[in-house]
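What follows is a set of notes on a single structure, which appears directly below.
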Amino acid sequence: MIKAYKADTYSTCAPDSHSLASCLNALAKSRTVNFKAKKCLSLLDAMSSAGLKSNTVCFNTVLNAAAFSARQSEEERRNALSVAVKTFQQMKSSKDDSSSPDAVTYGNLLKCVANLMEPGSRRNEMASSLFSAACQDGLVGGMCLDEIRRCVPARAFLPLLAICGYDTPMKEGRKPHSVQLKELPTKWIANVRKSDLVARQRASFKPKPIPSASNKRKKNRRRREEKRAKPAIRRPGSVTEYGSSSKEL
């Protein structure tokens with residue numbers, strides 16, 4: 001695309017942030033490309049070198065490519081985590097507001113930590129640091145809240161909220177999954193777009209209830225009754241047959 005733009009034939013068709021984001025998105029969602037996070041970052045750097053402006057969406061796409069490199073080799077996972085850190089540093093050091101971090105940025109970063117790092121103290125420290133930064137920047141969105149629950153152990157989640165300045169759930173002895181986005185301090189979500197306030201994982205962190213013995217018996221009884229019930233045979237018109245008798249309803 002850059003070569004075509006530099007050629008005389010297509011000199012009037014300059015790529016912009018939208019075309020760049022489309023290319024990055026296609027590369028990030030590919031299931032056959034190896035080291036796609038590294039290639040996304042290389043494409044982003046090439047566009048910047050060509051004088052083309054990138055925005056927050058482009059950087060977030062690179063982070064997304066890194067986050068979904070979890071099923072690759074160990075070398076690629078390490079490289080993807082390095083790409084995520086480098087991308088975030090570029091966003092933080094940028095003086096352009098159009099490429100500054102947003103709520104999706106922190107959500108993708110925490111997803112990278114959850115997917116690419118082994119559970120342990122190093123992962124907990126990195127995730128806690130990112131979440132604290134999101135709280136200070138007012139960028140705790142739905143995905144950010146969901147991913148921090150994946151990153152840190154359940155016993156460490158409520159103390160982390162208390163360290164960041166919200167200790168009500170810990171004082172009340174609540175469960176980690178009971179904390180909702182709407183109850184967080186206003187300053188934590190002050191700079192989040194309305195569309196990013198919705199939880200992305202739809203409470204996947206919430207433990208599934210264990211069915212009781214009585215519920216199992218009711219379910220089995222209902223299945224037996226459904227098997228014994230005579231099937232309704234519908235025919236054209238208003239006549240419905242039940243077994244061997246036919247009556248007009």
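Identifiers in this document derive from the order of the structure tokens: chains are assigned A, B, ..., residues are numbered from 1 separately in each chain, and ligands are numbered from 1 in order of occurrence.
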
Distance query Leu20 in chain A at most 9 Å, only C-alpha atoms, self and fewer than 3 positions along chain excluded, as a PyMOL selection string: chain A and resi 15-17+23-25+43-44+47+52+54+58

How would the residues just picked look written out with C-alpha atoms as a PDB file, in the first residue's frame?
```
ATOM      1  CA  PRO A  15      -3.566   5.982   2.802  1.00  0.00           C
ATOM      2  CA  ASP A  16      -5.073   7.323   6.012  1.00  0.00           C
ATOM      3  CA  SER A  17      -5.772   6.042   9.512  1.00  0.00           C
ATOM      4  CA  CYS A  23      -4.995  -3.575   7.239  1.00  0.00           C
ATOM      5  CA  LEU A  24      -4.018  -3.978  10.870  1.00  0.00           C
ATOM      6  CA  ASN A  25      -7.391  -5.483  11.728  1.00  0.00           C
ATOM      7  CA  LEU A  43       3.299  -2.036   9.759  1.00  0.00           C
ATOM      8  CA  LEU A  44       2.419   0.689  12.242  1.00  0.00           C
ATOM      9  CA  MET A  47       3.168   3.988   8.239  1.00  0.00           C
ATOM     10  CA  LEU A  52       0.935   8.762   7.767  1.00  0.00           C
ATOM     11  CA  SER A  54      -2.168   6.660  13.177  1.00  0.00           C
ATOM     12  CA  CYS A  58      -4.583   1.430  15.257  1.00  0.00           C
TER      13      CYS A  58
END
```

In range 6-245 of chain A, DSSP helix (DSSP H, G or I) residues written as a ChimeraX atom specification: /A:6,17-28,36-49,56-67,74-93,97-99,103-116,121-137,142-151,154-164,168-171,176-178,181-183,186-188,194-197,213-228

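Between CA of Asn191 in chain A and CA of Leu116 in chain A lies a distance of 27.5 Å.
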
Polymer residues at most 9 Å from Cys135 in chain A, only C-alpha atoms, same-chain spacing of 4 or more positions, as a PyMOL selection string: chain A and resi 130-131+139-140+164+187-189

Residues within 7 Å of Leu158 in chain A, only C-alpha atoms, excluding chain neighbours under 2 positions, as a ChimeraX atom specification: /A:155-156,160-162,169-170,176

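Nearest-residue note for Asn124 in chain A: choosing from A:Lys219, A:Thr87, A:Ile148, A:Tyr166, the minimum distance belongs to A:Ile148, counting only C-alpha atoms.
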
Shell of 10 Å around range 63-65 of chain A, only C-alpha atoms, local chain residues under 6 positions omitted, as a VMD selection string: chain A and resid 24 to 30 35 to 41 57 80 to 81 83 to 88 104 to 112

Prev. selection, C-alpha atoms, output as a PDB file, in the first residue's frame:
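Full text of selection.pdb as output:
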```pdb
ATOM      1  CA  LEU A  24      -4.018  -3.978  10.870  1.00  0.00           C
ATOM      2  CA  ASN A  25      -7.391  -5.483  11.728  1.00  0.00           C
ATOM      3  CA  ALA A  26      -7.127  -8.064   8.941  1.00  0.00           C
ATOM      4  CA  LEU A  27      -3.627  -9.005  10.055  1.00  0.00           C
ATOM      5  CA  ALA A  28      -4.569  -9.134  13.738  1.00  0.00           C
ATOM      6  CA  LYS A  29      -7.520 -11.479  13.107  1.00  0.00           C
ATOM      7  CA  SER A  30      -5.557 -13.863  10.912  1.00  0.00           C
ATOM      8  CA  PHE A  35       4.215 -13.442  14.921  1.00  0.00           C
ATOM      9  CA  LYS A  36       1.274 -11.294  13.855  1.00  0.00           C
ATOM     10  CA  ALA A  37       1.750  -8.883  16.761  1.00  0.00           C
ATOM     11  CA  LYS A  38       5.286  -8.145  15.613  1.00  0.00           C
ATOM     12  CA  LYS A  39       4.126  -7.693  12.021  1.00  0.00           C
ATOM     13  CA  CYS A  40       1.322  -5.363  13.104  1.00  0.00           C
ATOM     14  CA  LEU A  41       3.799  -3.198  14.983  1.00  0.00           C
ATOM     15  CA  VAL A  57      -7.727   2.436  17.160  1.00  0.00           C
ATOM     16  CA  ALA A  80       3.795 -10.585  21.703  1.00  0.00           C
ATOM     17  CA  LEU A  81       4.108  -9.413  25.308  1.00  0.00           C
ATOM     18  CA  VAL A  83       5.183  -5.800  21.479  1.00  0.00           C
ATOM     19  CA  ALA A  84       2.311  -4.944  23.830  1.00  0.00           C
ATOM     20  CA  VAL A  85       4.625  -3.160  26.268  1.00  0.00           C
ATOM     21  CA  LYS A  86       6.361  -1.252  23.480  1.00  0.00           C
ATOM     22  CA  THR A  87       3.054  -0.230  21.911  1.00  0.00           C
ATOM     23  CA  PHE A  88       1.732   1.074  25.218  1.00  0.00           C
ATOM     24  CA  VAL A 104      -9.969  -0.343  25.457  1.00  0.00           C
ATOM     25  CA  THR A 105      -6.194   0.115  25.624  1.00  0.00           C
ATOM     26  CA  TYR A 106      -6.073  -0.849  29.290  1.00  0.00           C
ATOM     27  CA  GLY A 107      -8.505  -3.690  28.692  1.00  0.00           C
ATOM     28  CA  ASN A 108      -6.347  -5.107  25.908  1.00  0.00           C
ATOM     29  CA  LEU A 109      -3.197  -4.718  27.999  1.00  0.00           C
ATOM     30  CA  LEU A 110      -4.721  -6.661  30.870  1.00  0.00           C
ATOM     31  CA  LYS A 111      -5.892  -9.276  28.384  1.00  0.00           C
ATOM     32  CA  CYS A 112      -2.287  -9.583  27.203  1.00  0.00           C
TER      33      CYS A 112
END
```

Between CA of Phe157 in chain A and CA of Arg123 in chain A, distance in Å (one decimal): 13.3 Å

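Closest approach to Leu145 in chain A from the set A:Met126, A:Leu197, A:Ala190, A:Val62 is made by A:Leu197, with distances taken over only C-alpha atoms.
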